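First comes the structure, then the notes that go with it.
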Amino acid sequence: VQLQASGGGLVQPGGSLRISCTASGVTFGSYQMGWFRQAPGKEREFVGAFRRNVNSQYVAGSVRGRFTISKDSGRNIEYLQMNSLKPEDTAVYYCALTKSRPILSSLPNPGIYEFWGQGTQVTVSS
């Protein structure tokens with residue numbers, strides 16, 4: 001299994017960015033993906049996930065209302081749309097994947113994900 005993230009970059013406060021994550025080597029739809037971020041000197045933080053079993057997103061309180069997670073209907077691609085970005089959103093963003101069927105409360109736990117993308121830098125600065 002490989003995860004390839006693309007997108008990210010430098011944006012001004014209030015701007016938007018979209019990151020995509022493509023999963024290869026995995027059967028279509030037979031996994032759960034999660035999104036995390038890590039700022040310098042801080043622990044890895046759960047951002048959200050698209051819950052495939054109920055076809056809805058679950059996002060952390062710190063980004064709720066600003067970030068949206070969606071999936072491609074026919075390919076192993078998920079998207080993290082980030083709007084109204086703030087300087088505190090600056091971090092390396094990661095997508096992760098598990099072949100298990102985790103319950104909702106487990107999604108924020110990075111330990112349940114067997115596979116991780118390489119991370120992509122998002123910098124919010126004027």
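Ligands are numbered from 1 in the order shown, residues from 1 within each chain, and chains are lettered A, B, ... in the order they appear in the structure tokens.
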
Residues near A:Asn76, cut-off 7 Å, only C-alpha atoms, skip fewer than 2 positions along chain, as a ChimeraX atom specification: /A:22-23,28-29,72,78

Backbone DSSP call of strand (DSSP E or B) for stretch 32-87 of chain A, listed as a count of residues only: 29

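The list of residues with at least one atom within 9 Å of A:Arg37, based on only C-alpha atoms and without residues fewer than 4 positions apart in the same chain, reads Glu43, Arg44, Glu45, Phe46, Val47, Asp89, Thr90, Ala91, Val92, Tyr93, Tyr94, Cys95 and Gly119 of chain A.
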
Atom CA of A:Val122 to atom CA of A:Gln12, straight-line distance in Å: 10.7 Å

Residue neighbourhood A:Lys99, 12 Å, only C-alpha atoms, exclusion window fewer than 6 positions, as a list in words: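 Close residues of A:Lys99: Val1, Ala23, Gly25, Val26, Thr27, Phe28, Gly29, Ser30, Tyr31, Gln32, Met33, Gly34, Arg52, Ile112, Tyr113, Glu114 and Phe115 of chain A.
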
Those residues with N, CA, C and O atoms, as an mmCIF file, in the first residue's frame please?
```cif
data_model
loop_
_atom_site.group_PDB
_atom_site.id
_atom_site.type_symbol
_atom_site.label_atom_id
_atom_site.label_comp_id
_atom_site.auth_asym_id
_atom_site.auth_seq_id
_atom_site.Cartn_x
_atom_site.Cartn_y
_atom_site.Cartn_z
ATOM 1 N N VAL A 1 0.849 -1.183 0.000
ATOM 2 C CA VAL A 1 0.000 0.000 0.000
ATOM 3 C C VAL A 1 0.886 1.235 0.000
ATOM 4 O O VAL A 1 1.836 1.323 0.784
ATOM 5 N N ALA A 23 -4.489 6.481 -2.745
ATOM 6 C CA ALA A 23 -4.048 5.196 -2.203
ATOM 7 C C ALA A 23 -3.890 4.191 -3.332
ATOM 8 O O ALA A 23 -4.781 4.048 -4.166
ATOM 9 N N GLY A 25 -2.459 0.060 -4.300
ATOM 10 C CA GLY A 25 -2.149 -1.228 -3.703
ATOM 11 C C GLY A 25 -3.196 -1.698 -2.708
ATOM 12 O O GLY A 25 -2.921 -2.590 -1.891
ATOM 13 N N VAL A 26 -4.375 -1.122 -2.791
ATOM 14 C CA VAL A 26 -5.456 -1.479 -1.877
ATOM 15 C C VAL A 26 -6.744 -1.589 -2.662
ATOM 16 O O VAL A 26 -6.955 -0.858 -3.632
ATOM 17 N N THR A 27 -7.579 -2.543 -2.279
ATOM 18 C CA THR A 27 -8.849 -2.728 -2.963
ATOM 19 C C THR A 27 -9.729 -1.503 -2.769
ATOM 20 O O THR A 27 -9.807 -0.967 -1.665
ATOM 21 N N PHE A 28 -10.400 -1.125 -3.839
ATOM 22 C CA PHE A 28 -11.220 0.086 -3.794
ATOM 23 C C PHE A 28 -12.202 0.041 -2.624
ATOM 24 O O PHE A 28 -12.978 -0.892 -2.454
ATOM 25 N N GLY A 29 -12.154 1.089 -1.820
ATOM 26 C CA GLY A 29 -13.103 1.254 -0.733
ATOM 27 C C GLY A 29 -12.901 0.370 0.479
ATOM 28 O O GLY A 29 -13.624 0.500 1.462
ATOM 29 N N SER A 30 -11.942 -0.534 0.467
ATOM 30 C CA SER A 30 -11.790 -1.494 1.558
ATOM 31 C C SER A 30 -10.810 -1.000 2.621
ATOM 32 O O SER A 30 -9.916 -1.754 3.039
ATOM 33 N N TYR A 31 -10.979 0.220 3.048
ATOM 34 C CA TYR A 31 -10.041 0.787 4.009
ATOM 35 C C TYR A 31 -10.689 1.998 4.658
ATOM 36 O O TYR A 31 -11.758 2.457 4.245
ATOM 37 N N GLN A 32 -10.015 2.494 5.656
ATOM 38 C CA GLN A 32 -10.391 3.752 6.289
ATOM 39 C C GLN A 32 -9.180 4.672 6.252
ATOM 40 O O GLN A 32 -8.087 4.264 6.651
ATOM 41 N N MET A 33 -9.370 5.874 5.793
ATOM 42 C CA MET A 33 -8.282 6.834 5.743
ATOM 43 C C MET A 33 -8.494 7.897 6.818
ATOM 44 O O MET A 33 -9.632 8.205 7.177
ATOM 45 N N GLY A 34 -7.419 8.417 7.315
ATOM 46 C CA GLY A 34 -7.481 9.502 8.286
ATOM 47 C C GLY A 34 -6.498 10.591 7.909
ATOM 48 O O GLY A 34 -5.544 10.358 7.160
ATOM 49 N N ARG A 52 -16.251 5.878 5.702
ATOM 50 C CA ARG A 52 -16.822 5.222 4.515
ATOM 51 C C ARG A 52 -18.042 4.392 4.847
ATOM 52 O O ARG A 52 -18.948 4.251 4.030
ATOM 53 N N ILE A 112 -3.675 3.271 14.980
ATOM 54 C CA ILE A 112 -4.478 2.276 14.274
ATOM 55 C C ILE A 112 -4.179 2.250 12.774
ATOM 56 O O ILE A 112 -4.636 1.350 12.078
ATOM 57 N N TYR A 113 -3.434 3.203 12.290
ATOM 58 C CA TYR A 113 -3.183 3.303 10.853
ATOM 59 C C TYR A 113 -1.867 2.609 10.509
ATOM 60 O O TYR A 113 -0.805 2.937 11.049
ATOM 61 N N GLU A 114 -1.933 1.671 9.585
ATOM 62 C CA GLU A 114 -0.739 0.891 9.214
ATOM 63 C C GLU A 114 0.129 1.608 8.179
ATOM 64 O O GLU A 114 1.320 1.335 8.072
ATOM 65 N N PHE A 115 -0.484 2.480 7.430
ATOM 66 C CA PHE A 115 0.239 3.085 6.302
ATOM 67 C C PHE A 115 0.104 4.600 6.365
ATOM 68 O O PHE A 115 -0.966 5.121 6.688
#
```

Backbone DSSP call of helix (DSSP H, G or I) for stretch 4-125 of chain A, listed as a PyMOL selection string: chain A and resi 87-89+104-106+110-112

Residues as selected, N, CA and C atoms, written as a PDB file, in the first residue's frame, can you do that?
```pdb
ATOM      1  N   PRO A  87      -2.877  31.077  10.681  1.00  0.00           N
ATOM      2  CA  PRO A  87      -1.454  30.755  10.885  1.00  0.00           C
ATOM      3  C   PRO A  87      -1.255  29.505  11.740  1.00  0.00           C
ATOM      4  N   GLU A  88      -2.139  29.259  12.677  1.00  0.00           N
ATOM      5  CA  GLU A  88      -1.997  28.068  13.518  1.00  0.00           C
ATOM      6  C   GLU A  88      -2.309  26.772  12.800  1.00  0.00           C
ATOM      7  N   ASP A  89      -2.787  26.855  11.574  1.00  0.00           N
ATOM      8  CA  ASP A  89      -2.966  25.649  10.758  1.00  0.00           C
ATOM      9  C   ASP A  89      -1.665  25.216  10.078  1.00  0.00           C
ATOM     10  N   LEU A 104     -15.706   4.761  15.583  1.00  0.00           N
ATOM     11  CA  LEU A 104     -15.547   6.209  15.531  1.00  0.00           C
ATOM     12  C   LEU A 104     -14.514   6.706  16.538  1.00  0.00           C
ATOM     13  N   SER A 105     -14.597   6.212  17.745  1.00  0.00           N
ATOM     14  CA  SER A 105     -13.721   6.720  18.794  1.00  0.00           C
ATOM     15  C   SER A 105     -12.250   6.384  18.547  1.00  0.00           C
ATOM     16  N   SER A 106     -11.989   5.442  17.691  1.00  0.00           N
ATOM     17  CA  SER A 106     -10.600   5.053  17.392  1.00  0.00           C
ATOM     18  C   SER A 106      -9.968   5.894  16.300  1.00  0.00           C
ATOM     19  N   PRO A 110      -3.523   7.711  16.035  1.00  0.00           N
ATOM     20  CA  PRO A 110      -2.619   7.434  14.915  1.00  0.00           C
ATOM     21  C   PRO A 110      -2.105   5.997  14.908  1.00  0.00           C
ATOM     22  N   GLY A 111      -2.148   5.328  16.042  1.00  0.00           N
ATOM     23  CA  GLY A 111      -1.637   3.972  16.131  1.00  0.00           C
ATOM     24  C   GLY A 111      -2.440   2.935  15.376  1.00  0.00           C
ATOM     25  N   ILE A 112      -3.675   3.271  14.980  1.00  0.00           N
ATOM     26  CA  ILE A 112      -4.478   2.276  14.274  1.00  0.00           C
ATOM     27  C   ILE A 112      -4.179   2.250  12.774  1.00  0.00           C
TER      28      ILE A 112
END
```

Point-to-point distance from atom CA of A:Gln38 to atom CA of A:Ser73, Å rounded to tenths: 28.3 Å

Residue with smallest distance to A:Val11 - pool A:Lys71, A:Arg101, A:Arg66, A:Lys86, counting only C-alpha atoms: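 Between A:Lys71, A:Arg101, A:Arg66, A:Lys86, the residue approaching A:Val11 most closely is A:Lys86.
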
A:Gly117, A:Val124, A:Gln57, A:Arg18 ranked by distance to A:Phe36, top pick (using only C-alpha atoms): A:Gly117

Atom-to-atom span, atom CA of A:Ala96 and atom CA of A:Asn83, Å: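 Result for atom CA of A:Ala96 versus atom CA of A:Asn83: 21.2 Å, one decimal.
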
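Among A:Ser84, A:Leu107, A:Ser125, A:Val63, the residue with the shortest atom-to-atom distance to A:Ala49, counting only C-alpha atoms, is A:Leu107.
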
Name all residues at most 7 Å from A:Phe67 (count only C-alpha atoms; drop same-chain ones fewer than 6 positions away) and give them as a tab-separated table (two decimals) with N, CA, C and O atoms, in the first residue's frame.
```tsv
chain	number	residue	atom	x	y	z
A	80	LEU	N	-8.77	16.76	1.30
A	80	LEU	CA	-8.90	17.61	2.48
A	80	LEU	C	-8.96	19.04	1.97
A	80	LEU	O	-7.96	19.59	1.50
A	81	GLN	N	-10.15	19.61	2.04
A	81	GLN	CA	-10.35	21.00	1.61
A	81	GLN	C	-10.24	21.88	2.84
A	81	GLN	O	-10.99	21.69	3.80
A	82	MET	N	-9.34	22.83	2.78
A	82	MET	CA	-9.08	23.70	3.93
A	82	MET	C	-9.42	25.14	3.56
A	82	MET	O	-8.80	25.71	2.65
A	83	ASN	N	-10.39	25.70	4.25
A	83	ASN	CA	-10.82	27.08	4.01
A	83	ASN	C	-10.57	27.92	5.25
A	83	ASN	O	-10.36	27.38	6.34
```
